Every structure is written in structure tokens, then in C-alpha cells.
>>> print(open('query_32.pdb').read())   # PDB, C-alpha atoms
ATOM      1  CA  MET A  24     -39.680  36.016 -17.980
ATOM      2  CA  THR A  25     -39.215  36.779 -14.279
ATOM      3  CA  LEU A  26     -36.175  38.388 -12.691
ATOM      4  CA  ARG A  27     -34.575  36.316  -9.905
ATOM      5  CA  ALA A  28     -31.740  36.956  -7.436
ATOM      6  CA  VAL A  29     -29.508  33.913  -7.955
ATOM      7  CA  VAL A  30     -26.660  32.761  -5.698
ATOM      8  CA  LYS A  31     -23.358  32.963  -7.581
ATOM      9  CA  GLY A  32     -20.842  32.501  -4.770
ATOM     10  CA  VAL A  33     -20.579  31.787  -1.064
ATOM     11  CA  GLY A  34     -17.832  31.948   1.560
ATOM     12  CA  HIS A  35     -17.153  32.249   5.260
ATOM     13  CA  TYR A  36     -14.516  33.091   7.829
ATOM     14  CA  LEU A  37     -14.010  31.956  11.424
ATOM     15  CA  PRO A  38     -11.499  33.450  13.862
ATOM     16  CA  GLU A  39      -8.528  31.225  14.685
ATOM     17  CA  ARG A  40      -9.265  30.885  18.395
ATOM     18  CA  ILE A  41     -11.489  27.892  19.157
ATOM     19  CA  VAL A  42     -13.078  27.844  22.608
ATOM     20  CA  PRO A  43     -14.323  24.429  23.804
ATOM     21  CA  ASN A  44     -17.003  24.166  26.482
ATOM     22  CA  ALA A  45     -14.440  22.926  28.981
ATOM     23  CA  GLU A  46     -12.784  26.357  28.976
ATOM     24  CA  PHE A  47     -15.784  27.782  30.848
ATOM     25  CA  GLU A  48     -15.548  25.240  33.656
ATOM     26  CA  ALA A  49     -12.744  27.171  35.359
ATOM     27  CA  THR A  50     -14.788  30.372  35.787
ATOM     28  CA  LEU A  51     -18.455  29.320  35.784
ATOM     29  CA  ASP A  52     -20.677  26.802  37.547
ATOM     30  CA  THR A  53     -21.077  24.791  34.373
ATOM     31  CA  THR A  54     -19.778  21.737  32.543
ATOM     32  CA  ASP A  55     -19.268  20.606  28.994
ATOM     33  CA  GLU A  56     -22.161  18.168  29.403
ATOM     34  CA  TRP A  57     -24.496  20.861  30.805
ATOM     35  CA  ILE A  58     -23.835  23.147  27.837
ATOM     36  CA  LYS A  59     -24.144  20.368  25.250
ATOM     37  CA  SER A  60     -27.355  18.961  26.727
ATOM     38  CA  ARG A  61     -29.112  22.334  26.728
ATOM     39  CA  SER A  62     -27.809  23.866  23.510
ATOM     40  CA  GLY A  63     -25.992  21.278  21.397
ATOM     41  CA  ILE A  64     -22.943  23.553  21.389
ATOM     42  CA  GLU A  65     -19.508  21.958  21.803
ATOM     43  CA  ARG A  66     -17.202  24.779  20.773
ATOM     44  CA  ARG A  67     -17.203  28.268  19.290
ATOM     45  CA  HIS A  68     -14.733  30.775  17.807
ATOM     46  CA  PHE A  69     -13.752  34.076  19.437
ATOM     47  CA  ALA A  70     -12.201  36.993  17.591
ATOM     48  CA  ALA A  71      -8.672  37.984  18.547
ATOM     49  CA  GLU A  72      -7.939  41.283  20.241
ATOM     50  CA  GLY A  73      -8.223  43.990  17.601
ATOM     51  CA  GLU A  74     -10.052  41.689  15.166
ATOM     52  CA  THR A  75     -13.232  43.582  14.332
ATOM     53  CA  THR A  76     -16.546  42.638  12.760
ATOM     54  CA  SER A  77     -15.614  44.425   9.525
ATOM     55  CA  MET A  78     -12.383  42.393   9.355
ATOM     56  CA  LEU A  79     -14.305  39.126   9.684
ATOM     57  CA  ALA A  80     -16.839  40.330   7.125
ATOM     58  CA  THR A  81     -14.096  41.305   4.661
ATOM     59  CA  LYS A  82     -12.522  37.849   4.796
ATOM     60  CA  ALA A  83     -15.879  36.149   4.254
ATOM     61  CA  ALA A  84     -16.587  38.529   1.362
ATOM     62  CA  GLN A  85     -13.223  37.748  -0.233
ATOM     63  CA  ALA A  86     -13.982  34.025   0.022
ATOM     64  CA  ALA A  87     -17.386  34.520  -1.633
ATOM     65  CA  LEU A  88     -15.874  36.603  -4.435
ATOM     66  CA  ALA A  89     -13.256  33.920  -5.062
ATOM     67  CA  ASN A  90     -15.941  31.234  -5.077
ATOM     68  CA  ALA A  91     -17.947  33.243  -7.639
ATOM     69  CA  GLY A  92     -14.902  34.060  -9.770
ATOM     70  CA  MET A  93     -15.593  37.765  -9.325
ATOM     71  CA  THR A  94     -13.809  40.856  -8.076
ATOM     72  CA  ALA A  95     -15.085  43.787  -6.030
ATOM     73  CA  ASP A  96     -15.525  45.746  -9.277
ATOM     74  CA  ASP A  97     -18.306  43.318 -10.238
ATOM     75  CA  ILE A  98     -20.391  44.221  -7.180
ATOM     76  CA  ASP A  99     -23.015  46.986  -7.145
ATOM     77  CA  ALA A 100     -23.989  46.898  -3.465
ATOM     78  CA  ILE A 101     -22.988  45.453  -0.091
ATOM     79  CA  ILE A 102     -25.505  44.703   2.649
ATOM     80  CA  LEU A 103     -23.946  43.714   5.976
ATOM     81  CA  ALA A 104     -26.193  42.241   8.657
ATOM     82  CA  THR A 105     -24.696  42.798  12.114
ATOM     83  CA  SER A 106     -25.508  43.909  15.652
ATOM     84  CA  THR A 107     -21.846  44.354  16.552
ATOM     85  CA  ALA A 108     -20.548  46.912  14.071
ATOM     86  CA  ASP A 109     -17.064  48.299  14.747
ATOM     87  CA  LEU A 110     -18.366  51.811  15.515
ATOM     88  CA  THR A 111     -21.687  53.599  16.019
ATOM     89  CA  PHE A 112     -21.018  54.976  12.541
ATOM     90  CA  PRO A 113     -19.956  54.758   9.795
ATOM     91  CA  SER A 114     -21.417  51.404   8.844
ATOM     92  CA  ALA A 115     -19.245  48.318   8.912
ATOM     93  CA  ALA A 116     -20.405  47.707   5.332
ATOM     94  CA  THR A 117     -18.596  50.820   4.115
ATOM     95  CA  MET A 118     -15.462  49.579   5.876
ATOM     96  CA  VAL A 119     -15.758  46.291   3.983
ATOM     97  CA  GLN A 120     -16.294  48.279   0.775
ATOM     98  CA  ALA A 121     -13.011  50.125   1.420
ATOM     99  CA  ASN A 122     -11.176  46.935   2.391
ATOM    100  CA  LEU A 123     -12.233  45.289  -0.868
ATOM    101  CA  GLY A 124     -11.141  48.296  -2.925
ATOM    102  CA  MET A 125     -14.667  48.808  -4.237
ATOM    103  CA  LYS A 126     -14.818  52.388  -5.515
ATOM    104  CA  SER A 127     -18.380  52.486  -6.846
ATOM    105  CA  GLY A 128     -21.795  51.288  -5.790
ATOM    106  CA  PHE A 129     -23.118  51.559  -2.234
ATOM    107  CA  ALA A 130     -22.940  49.775   1.104
ATOM    108  CA  PHE A 131     -25.016  49.757   4.277
ATOM    109  CA  ASP A 132     -25.630  47.798   7.471
ATOM    110  CA  ILE A 133     -28.897  46.173   8.489
ATOM    111  CA  GLN A 134     -29.743  45.374  12.103
ATOM    112  CA  ALA A 135     -32.268  42.690  13.013
ATOM    113  CA  VAL A 136     -30.025  40.768  15.435
ATOM    114  CA  CYS A 137     -30.153  37.002  14.757
ATOM    115  CA  ALA A 138     -32.713  37.506  11.981
ATOM    116  CA  GLY A 139     -30.413  40.029  10.298
ATOM    117  CA  PHE A 140     -29.253  37.841   7.426
ATOM    118  CA  VAL A 141     -32.816  36.920   6.440
ATOM    119  CA  PHE A 142     -33.697  40.633   6.448
ATOM    120  CA  ALA A 143     -30.545  41.370   4.418
ATOM    121  CA  LEU A 144     -31.408  38.703   1.830
ATOM    122  CA  SER A 145     -34.900  40.128   1.476
ATOM    123  CA  ASN A 146     -33.538  43.647   0.974
ATOM    124  CA  ALA A 147     -30.936  42.433  -1.534
ATOM    125  CA  ASN A 148     -33.669  40.625  -3.425
ATOM    126  CA  ALA A 149     -35.728  43.823  -3.546
ATOM    127  CA  LEU A 150     -32.760  45.828  -4.861
ATOM    128  CA  ILE A 151     -32.255  43.321  -7.653
ATOM    129  CA  LEU A 152     -35.945  43.011  -8.577
ATOM    130  CA  SER A 153     -36.302  46.810  -8.662
ATOM    131  CA  GLY A 154     -33.290  47.178 -10.950
ATOM    132  CA  GLN A 155     -31.221  49.189  -8.464
ATOM    133  CA  ALA A 156     -28.448  46.586  -8.421
ATOM    134  CA  LYS A 157     -27.400  43.657 -10.584
ATOM    135  CA  ARG A 158     -25.038  41.999  -8.102
ATOM    136  CA  VAL A 159     -25.299  42.299  -4.328
ATOM    137  CA  LEU A 160     -22.801  41.023  -1.774
ATOM    138  CA  VAL A 161     -24.792  39.960   1.312
ATOM    139  CA  ILE A 162     -22.830  39.399   4.518
ATOM    140  CA  GLY A 163     -23.618  38.358   8.073
ATOM    141  CA  ALA A 164     -20.832  39.074  10.571
ATOM    142  CA  GLU A 165     -20.668  39.297  14.359
ATOM    143  CA  THR A 166     -18.280  39.606  17.288
ATOM    144  CA  PHE A 167     -20.752  38.778  20.053
ATOM    145  CA  SER A 168     -17.872  37.875  22.372
ATOM    146  CA  ARG A 169     -17.517  41.645  22.885
ATOM    147  CA  ILE A 170     -20.975  42.000  24.475
ATOM    148  CA  MET A 171     -20.960  38.972  26.772
ATOM    149  CA  ASP A 172     -21.373  39.073  30.554
ATOM    150  CA  TRP A 173     -18.814  36.417  31.471
ATOM    151  CA  THR A 174     -20.521  35.809  34.836
ATOM    152  CA  ASP A 175     -23.840  34.818  33.214
ATOM    153  CA  ARG A 176     -23.671  31.129  32.393
ATOM    154  CA  GLY A 177     -27.077  31.292  30.706
ATOM    155  CA  THR A 178     -25.767  33.474  27.881
ATOM    156  CA  CYS A 179     -21.989  33.658  27.617
ATOM    157  CA  VAL A 180     -21.571  29.970  26.749
ATOM    158  CA  LEU A 181     -24.009  30.210  23.824
ATOM    159  CA  PHE A 182     -22.484  32.756  21.467
ATOM    160  CA  GLY A 183     -19.551  32.882  19.073
ATOM    161  CA  ASP A 184     -17.932  35.062  16.420
ATOM    162  CA  GLY A 185     -17.737  34.588  12.672
ATOM    163  CA  ALA A 186     -18.868  35.750   9.250
ATOM    164  CA  GLY A 187     -20.492  34.351   6.138
ATOM    165  CA  ALA A 188     -21.247  35.893   2.752
ATOM    166  CA  LEU A 189     -22.960  35.168  -0.515
ATOM    167  CA  ILE A 190     -23.314  36.961  -3.823
ATOM    168  CA  LEU A 191     -26.681  37.391  -5.512
ATOM    169  CA  GLU A 192     -26.922  38.161  -9.238
ATOM    170  CA  ALA A 193     -29.893  39.196 -11.353
ATOM    171  CA  GLN A 194     -30.889  36.442 -13.774
ATOM    172  CA  GLU A 195     -34.043  35.712 -15.735
ATOM    173  CA  GLY A 196     -36.222  32.761 -14.812
ATOM    174  CA  ALA A 197     -39.455  31.226 -15.991
ATOM    175  CA  GLY A 198     -41.403  32.592 -13.030
ATOM    176  CA  ASP A 199     -42.147  29.275 -11.358
ATOM    177  CA  ALA A 200     -40.796  27.262  -8.418
ATOM    178  CA  ALA A 201     -38.223  25.544 -10.642
ATOM    179  CA  ASP A 202     -36.303  28.821 -11.028
ATOM    180  CA  ARG A 203     -32.944  29.230  -9.350
ATOM    181  CA  GLY A 204     -32.664  32.114  -6.897
ATOM    182  CA  ILE A 205     -34.852  33.645  -4.212
ATOM    183  CA  LEU A 206     -38.439  32.498  -4.701
ATOM    184  CA  SER A 207     -40.076  34.200  -1.709
ATOM    185  CA  THR A 208     -39.461  36.019   1.566
ATOM    186  CA  ASP A 209     -41.418  36.666   4.753
ATOM    187  CA  LEU A 210     -40.414  39.242   7.390
ATOM    188  CA  ASN A 211     -41.965  39.974  10.791
ATOM    189  CA  SER A 212     -41.314  41.858  14.022
ATOM    190  CA  ASP A 213     -43.087  42.634  17.298
ATOM    191  CA  GLY A 214     -41.486  45.246  19.523
ATOM    192  CA  THR A 215     -43.633  44.350  22.522
ATOM    193  CA  TYR A 216     -41.242  41.452  23.111
ATOM    194  CA  ARG A 217     -38.108  43.614  23.147
ATOM    195  CA  ASP A 218     -37.293  42.755  26.787
ATOM    196  CA  LEU A 219     -36.860  39.062  26.011
ATOM    197  CA  LEU A 220     -33.521  39.551  24.246
ATOM    198  CA  TYR A 221     -31.589  42.808  24.273
ATOM    199  CA  VAL A 222     -28.300  44.550  25.112
ATOM    200  CA  ASP A 223     -28.448  46.860  28.139
ATOM    201  CA  GLY A 224     -26.179  49.488  26.598
ATOM    202  CA  GLY A 225     -25.988  51.961  23.758
ATOM    203  CA  ILE A 226     -26.026  55.686  23.032
ATOM    204  CA  SER A 227     -28.533  56.397  25.819
ATOM    205  CA  THR A 228     -26.363  54.715  28.464
ATOM    206  CA  GLY A 229     -22.877  55.626  27.275
ATOM    207  CA  THR A 230     -21.755  51.997  27.491
ATOM    208  CA  SER A 231     -21.667  49.111  25.027
ATOM    209  CA  GLY A 232     -23.595  46.979  27.522
ATOM    210  CA  TYR A 233     -24.127  43.242  27.827
ATOM    211  CA  LEU A 234     -26.508  40.814  26.197
ATOM    212  CA  ARG A 235     -29.516  39.911  28.346
ATOM    213  CA  MET A 236     -31.927  37.101  27.530
ATOM    214  CA  GLN A 237     -34.971  35.387  28.972
ATOM    215  CA  GLY A 238     -34.045  32.054  27.477
ATOM    216  CA  ASN A 239     -37.219  30.120  28.276
ATOM    217  CA  GLN A 240     -39.433  32.835  26.812
ATOM    218  CA  VAL A 241     -37.309  33.144  23.673
ATOM    219  CA  PHE A 242     -37.508  29.366  23.200
ATOM    220  CA  ARG A 243     -41.302  29.449  23.594
ATOM    221  CA  HIS A 244     -41.665  32.033  20.838
ATOM    222  CA  ALA A 245     -38.940  30.629  18.573
ATOM    223  CA  VAL A 246     -40.361  27.279  17.505
ATOM    224  CA  ALA A 247     -43.875  28.537  16.743
ATOM    225  CA  LYS A 248     -42.772  31.710  14.967
ATOM    226  CA  LEU A 249     -40.025  30.002  12.938
ATOM    227  CA  ALA A 250     -42.329  27.239  11.722
ATOM    228  CA  ALA A 251     -45.032  29.779  10.872
ATOM    229  CA  THR A 252     -42.760  32.131   8.889
ATOM    230  CA  ALA A 253     -41.198  29.221   7.003
ATOM    231  CA  THR A 254     -44.662  27.902   6.113
ATOM    232  CA  THR A 255     -45.764  31.335   4.901
ATOM    233  CA  ALA A 256     -42.658  31.712   2.748
ATOM    234  CA  MET A 257     -43.169  28.246   1.252
ATOM    235  CA  GLU A 258     -46.799  29.034   0.433
ATOM    236  CA  ARG A 259     -45.702  32.231  -1.330
ATOM    237  CA  ALA A 260     -43.174  30.229  -3.355
ATOM    238  CA  ASN A 261     -45.817  27.586  -4.176
ATOM    239  CA  VAL A 262     -43.735  24.770  -2.674
ATOM    240  CA  THR A 263     -44.380  22.235   0.085
ATOM    241  CA  THR A 264     -42.211  20.466   2.634
ATOM    242  CA  GLU A 265     -41.952  17.532   0.234
ATOM    243  CA  ASP A 266     -40.157  19.825  -2.234
ATOM    244  CA  VAL A 267     -37.584  21.040   0.298
ATOM    245  CA  ASP A 268     -34.077  19.594   0.118
ATOM    246  CA  TRP A 269     -32.589  21.515   3.042
ATOM    247  CA  ILE A 270     -33.717  23.621   5.955
ATOM    248  CA  VAL A 271     -30.870  26.016   6.819
ATOM    249  CA  PRO A 272     -31.953  27.509  10.140
ATOM    250  CA  HIS A 273     -30.476  30.122  12.417
ATOM    251  CA  GLN A 274     -28.039  28.141  14.558
ATOM    252  CA  ALA A 275     -29.107  29.212  18.055
ATOM    253  CA  ASN A 276     -29.907  26.020  19.908
ATOM    254  CA  ILE A 277     -30.232  22.406  18.773
ATOM    255  CA  ARG A 278     -33.529  22.034  20.631
ATOM    256  CA  ILE A 279     -35.029  24.990  18.753
ATOM    257  CA  ILE A 280     -33.735  23.562  15.467
ATOM    258  CA  GLN A 281     -35.176  20.124  16.250
ATOM    259  CA  GLY A 282     -38.481  21.539  17.487
ATOM    260  CA  THR A 283     -38.946  23.694  14.401
ATOM    261  CA  ALA A 284     -38.109  20.833  12.034
ATOM    262  CA  LYS A 285     -40.582  18.560  13.839
ATOM    263  CA  LYS A 286     -43.337  21.178  13.687
ATOM    264  CA  MET A 287     -42.698  21.587   9.952
ATOM    265  CA  GLY A 288     -42.600  17.838   9.360
ATOM    266  CA  ILE A 289     -39.007  17.944   8.079
ATOM    267  CA  PRO A 290     -36.622  15.126   9.126
ATOM    268  CA  MET A 291     -33.356  16.203  10.754
ATOM    269  CA  GLU A 292     -31.512  14.492   7.887
ATOM    270  CA  ASN A 293     -32.652  17.445   5.773
ATOM    271  CA  VAL A 294     -31.450  20.134   8.186
ATOM    272  CA  ILE A 295     -28.021  21.773   7.995
ATOM    273  CA  VAL A 296     -26.632  21.885  11.545
ATOM    274  CA  THR A 297     -23.436  23.720  12.511
ATOM    275  CA  VAL A 298     -24.349  24.953  16.004
ATOM    276  CA  GLN A 299     -22.073  22.349  17.598
ATOM    277  CA  ASP A 300     -18.993  23.960  16.027
ATOM    278  CA  HIS A 301     -19.895  27.659  15.921
ATOM    279  CA  GLY A 302     -22.366  28.346  18.719
ATOM    280  CA  ASN A 303     -24.849  31.128  18.077
ATOM    281  CA  THR A 304     -23.173  33.617  15.740
ATOM    282  CA  SER A 305     -26.348  35.705  15.376
ATOM    283  CA  ALA A 306     -26.608  37.264  11.891
ATOM    284  CA  ALA A 307     -23.603  35.227  10.735
ATOM    285  CA  SER A 308     -25.101  31.825  11.510
ATOM    286  CA  ILE A 309     -27.167  31.251   8.357
ATOM    287  CA  PRO A 310     -24.492  32.333   5.834
ATOM    288  CA  LEU A 311     -21.932  30.307   7.793
ATOM    289  CA  ALA A 312     -24.185  27.260   7.584
ATOM    290  CA  LEU A 313     -24.835  27.862   3.881
ATOM    291  CA  SER A 314     -21.116  28.112   3.145
ATOM    292  CA  VAL A 315     -20.223  25.056   5.217
ATOM    293  CA  GLY A 316     -23.077  23.070   3.663
ATOM    294  CA  ALA A 317     -21.996  23.993   0.153
ATOM    295  CA  THR A 318     -18.313  23.395   0.879
ATOM    296  CA  ASN A 319     -18.847  19.900   2.260
ATOM    297  CA  GLY A 320     -21.102  18.897  -0.631
ATOM    298  CA  GLN A 321     -24.448  18.807   1.150
ATOM    299  CA  ILE A 322     -25.964  21.778  -0.703
ATOM    300  CA  LYS A 323     -25.869  21.375  -4.484
ATOM    301  CA  GLN A 324     -27.025  23.521  -7.391
ATOM    302  CA  GLY A 325     -30.738  23.091  -7.916
ATOM    303  CA  ASP A 326     -31.501  22.214  -4.274
ATOM    304  CA  LEU A 327     -34.500  23.950  -2.699
ATOM    305  CA  LEU A 328     -33.600  25.640   0.592
ATOM    306  CA  VAL A 329     -35.614  27.282   3.355
ATOM    307  CA  THR A 330     -33.769  29.572   5.760
ATOM    308  CA  GLU A 331     -35.443  30.911   8.896
ATOM    309  CA  ALA A 332     -34.315  32.944  11.899
ATOM    310  CA  ILE A 333     -35.556  34.792  14.970
ATOM    311  CA  GLY A 334     -33.727  37.386  17.041
ATOM    312  CA  GLY A 335     -34.081  40.334  19.364
ATOM    313  CA  GLY A 336     -36.887  42.727  18.633
ATOM    314  CA  LEU A 337     -38.435  40.247  18.396
ATOM    315  CA  ALA A 338     -37.723  40.004  14.664
ATOM    316  CA  TRP A 339     -38.147  36.865  12.572
ATOM    317  CA  GLY A 340     -38.463  35.764   8.990
ATOM    318  CA  ALA A 341     -37.769  33.191   6.286
ATOM    319  CA  VAL A 342     -36.468  32.976   2.732
ATOM    320  CA  VAL A 343     -37.119  30.238   0.167
ATOM    321  CA  LEU A 344     -34.434  29.937  -2.493
ATOM    322  CA  ARG A 345     -33.232  27.451  -5.052
ATOM    323  CA  TRP A 346     -29.441  27.083  -5.000
TER     324      TRP A 346
END
>>> encode(input="query_32.pdb", output="C-alpha cells")
Amino acid sequence: MTLRAVVKGVGHYLPERIVPNAEFEATLDTTDEWIKSRSGIERRHFAAEGETTSMLATKAAQAALANAGMTADDIDAIILATSTADLTFPSAATMVQANLGMKSGFAFDIQAVCAGFVFALSNANALILSGQAKRVLVIGAETFSRIMDWTDRGTCVLFGDGAGALILEAQEGAGDAADRGILSTDLNSDGTYRDLLYVDGGISTGTSGYLRMQGNQVFRHAVAKLAATATTAMERANVTTEDVDWIVPHQANIRIIQGTAKKMGIPMENVIVTVQDHGNTSAASIPLALSVGATNGQIKQGDLLVTEAIGGGLAWGAVVLRW
């Protein structure tokens, strides 16, 4: 028998404030049509004043626990993927741990920007396979609205806030591709591309800074690297594109999503797309898409999923899992 990290519950949370593209027309040289044509985004959610990343993450975690029929006492570890933690330290994950009333186990943040949730899933899988945890709560949560330069129309219209979470549990499988749970992972990074997508603030500057991006260069790297990492992960899981029920990509830009699907030979009918409603929520985008896809009946138990993401670093990766 082979140990697998199996999804037992999923949930998400979006802030109440919905910001349509038209809201930017009053302050920027842009239009709803310009934003939609270049990104596919129609609206996004922004956190309220005082609503922190850990608050969003807690609500998503509570939804996932309810979906799994579990309580915080059933969880051994929390991994929170975020680039917008409430404070420099302690981790936002420990704040979620406290909010949930979880008195045992451990919690930590992981930072790989938009690829953060894929990195978090891989780490959660490793904890389960090594026997260090039986149940892991994996969260992606961001408040990117706090690091936007509102004069830069090339970036500020693209991002949104939100959180998604899922619970992985150790279960035995047969050791083949028919098993439920995570079947394979692939992680990559290349720091020589760090100037393509970064925040110009931090401890060394004494400011939180703003997000800066060379959009054309990021796009050029995204499609090739996402298709390659997804293919590698599928090869490791001994599955092919014909076996895949759903691609659940990082929701950055509809053109990147379409380009990656085309390069992989996957029809768009088999791709979960939420970018039109959420914008780019960085590490939260994949768990948000998973939760929305499961909630609306697209993703069903037994479906084979491939998730892939790329973010600042550059960092990118993919996970193959059976729901």
C-alpha cells in the first residue's frame, strides 16, 4: 500500500466589496473593455479597512473544516501560502491557528508569490508522506490591494483579495494513478528573473512598497514554464492529457490560461476559469478556483486535476491530484 494525501474538504472566502472594471475609469486612463481584452478580468474583491490576510484565511479555513465535517482539533498542521502576511512576524498561519482555537500541532507561512499554493501543497504532501502530520490545512490568502500602485494601470487593475483552503488527510492507496490524493508534484525557481515581478519594499527599505511587473516578459515565461511543469508532473504521476478531467491553473490572465491549455493540448472546456470574477489573487487563486469548481459541481470525487502556477522569483510548479 502507498500513503496518499487525500482532499477531505475545501472552502473559500471573498471580501464583501466587489470592484468592477468601470471603477478604475475615473482615476486611470483605462476602460472596462481595455482591461477585459487584455486580462479577461471583469471584477475583483478588495478587503475592507482592517480586514487582514489572516482574517480572510481564517474564514476560508472555517469553510473547509465545515465542508470536511471536522474541527480545528482534527488538524495537525497549517500551511498558509501568502506574500501579504499581516506582519513581518509572527506568521499569519499562527494567527489562523489562534483564531481557530487550535491548541496543538504547528503552523507556518510559505512564500512563493503566485506559485505559493502549489509549493504549500507539495510541502503538505511531504509532511503527510513522512508521517509528521496526518491532516494538514493548506491555505492560500492574499490582500494584494495593500501593495498596489494605484497610478499604474498595468498592474493595479489585475489583482484582487481573497482566500481558499483545503484539508489533506493521510489515506492508503494502491500506489497507482487511480488513487485519490496527490499523485505527483514538480517545483522550480530561477532567481535570475527576480526583476520581472517584485515588490520594491521590505525590511531593507523600511516601506511596504508597491508591486512592479514587466508584464510582457512575465507572459513570455509563463506559458512555456507552466506547460513544461505540468507535463513533468503528469509524467511523474504516469498520466497523460487524455486522463485529465480538469486543469485548475493560477488565475492570472485569461491569455496565459488559454495559451497554456493550447500548448498542453487541453480544451478550454476542461479548464476551471474564475479570473473574470476574482482577478489575480496570487497564492489564493488556485484554492479559490478549486473551491468554486467543487461548489458549482464541476469538480467531482474521482476527477483527475492538474494545478499549475508561476509567480515572482520566478517560482513555478504543478501538482497532479485525484479529487
>>> resolve_selection(input="query_32.pdb", expression="the PyMOL selection byres ((chain A and resi 261) around 12)", output="ChimeraX atom specification")
/A:198-202,206-207,254-260,262-267,327,343-344
>>> atom_distance(input="query_32.pdb", atom1="atom CA of A:Ala104", atom2="atom CA of A:Ala253")
19.9 Å
>>> residues_around(input="query_32.pdb", residues="A:Ala86", least_positions_apart="6", cutoff="9 Å", atoms="all atoms listed in the file", output="ChimeraX atom specification")
/A:32-36,187-188
>>> residues_around(input="query_32.pdb", residues="A:Ile277", least_positions_apart="6", cutoff="9 Å", atoms="all atoms listed in the file", output="NGL selection string")
:A and (61-64 or 296 or 298-299)
>>> resolve_selection(input="query_32.pdb", expression="the PyMOL selection byres ((chain A and resi 325) around 8)", output="ChimeraX atom specification")
/A:203,323-324,326-327,345-346
>>> closest_residue(input="query_32.pdb", among="A:Met236, A:Val159, A:Ile58, A:Val29", to="A:Phe129", atoms="only C-alpha atoms")
A:Val159
>>> residues_around(input="query_32.pdb", residues="A:Glu56", least_positions_apart="4", cutoff="9 Å", atoms="all atoms listed in the file", output="PyMOL selection string")
chain A and resi 44+60-61+65
>>> decode(input="query_32.pdb", residues="stretch 226-293 of chain A", atoms="C-alpha atoms", output="short mmCIF file (atom, residue, chain, number, x, y, z; two decimals), in the first residue's frame")
data_model
loop_
_atom_site.label_atom_id
_atom_site.label_comp_id
_atom_site.auth_asym_id
_atom_site.auth_seq_id
_atom_site.Cartn_x
_atom_site.Cartn_y
_atom_site.Cartn_z
CA ILE A 226 12.89 45.36 5.62
CA SER A 227 15.80 46.85 3.66
CA THR A 228 13.77 49.88 2.56
CA GLY A 229 11.60 50.49 5.61
CA THR A 230 8.46 50.60 3.47
CA SER A 231 5.91 48.01 2.37
CA GLY A 232 6.47 49.05 -1.24
CA TYR A 233 4.46 48.51 -4.41
CA LEU A 234 4.18 45.65 -6.85
CA ARG A 235 6.24 46.10 -10.02
CA MET A 236 5.92 43.89 -13.08
CA GLN A 237 7.30 43.58 -16.58
CA GLY A 238 4.09 42.14 -17.93
CA ASN A 239 5.27 41.16 -21.41
CA GLN A 240 8.30 39.32 -20.04
CA VAL A 241 6.24 37.51 -17.40
CA PHE A 242 3.78 36.42 -20.10
CA ARG A 243 6.64 35.13 -22.28
CA HIS A 244 7.95 32.93 -19.47
CA ALA A 245 4.55 31.89 -18.11
CA VAL A 246 3.10 29.80 -20.93
CA ALA A 247 6.26 27.79 -21.63
CA LYS A 248 7.15 27.19 -17.98
CA LEU A 249 3.58 26.32 -16.93
CA ALA A 250 3.12 23.81 -19.74
CA ALA A 251 6.52 22.27 -19.01
CA THR A 252 5.98 21.87 -15.24
CA ALA A 253 2.50 20.43 -15.78
CA THR A 254 3.90 17.93 -18.29
CA THR A 255 6.66 16.90 -15.89
CA ALA A 256 4.18 16.41 -13.05
CA MET A 257 1.91 14.32 -15.29
CA GLU A 258 4.83 12.13 -16.37
CA ARG A 259 5.74 11.55 -12.71
CA ALA A 260 2.13 10.54 -12.00
CA ASN A 261 2.09 8.25 -15.06
CA VAL A 262 -0.90 10.05 -16.59
CA THR A 263 -1.46 11.83 -19.91
CA THR A 264 -3.57 14.76 -21.04
CA GLU A 265 -6.26 12.29 -22.10
CA ASP A 266 -6.61 11.24 -18.45
CA VAL A 267 -7.05 14.79 -17.15
CA ASP A 268 -10.55 15.94 -16.23
CA TRP A 269 -9.66 19.48 -15.16
CA ILE A 270 -6.78 21.89 -15.39
CA VAL A 271 -7.03 24.27 -12.41
CA PRO A 272 -4.49 26.98 -13.23
CA HIS A 273 -3.28 30.04 -11.40
CA GLN A 274 -5.83 32.70 -12.38
CA ALA A 275 -3.53 35.50 -13.57
CA ASN A 276 -4.63 36.30 -17.09
CA ILE A 277 -7.04 34.59 -19.48
CA ARG A 278 -4.50 34.74 -22.30
CA ILE A 279 -1.92 32.88 -20.20
CA ILE A 280 -4.56 30.31 -19.23
CA GLN A 281 -5.61 29.84 -22.86
CA GLY A 282 -2.03 29.72 -24.12
CA THR A 283 -1.00 27.11 -21.56
CA ALA A 284 -4.04 24.93 -22.27
CA LYS A 285 -3.35 25.10 -26.01
CA LYS A 286 0.31 24.17 -25.53
CA MET A 287 -0.76 21.20 -23.39
CA GLY A 288 -3.44 20.14 -25.86
CA ILE A 289 -6.24 20.59 -23.31
CA PRO A 290 -9.55 22.12 -24.49
CA MET A 291 -10.79 25.15 -22.56
CA GLU A 292 -13.91 23.15 -21.67
CA ASN A 293 -11.65 21.24 -19.28
#
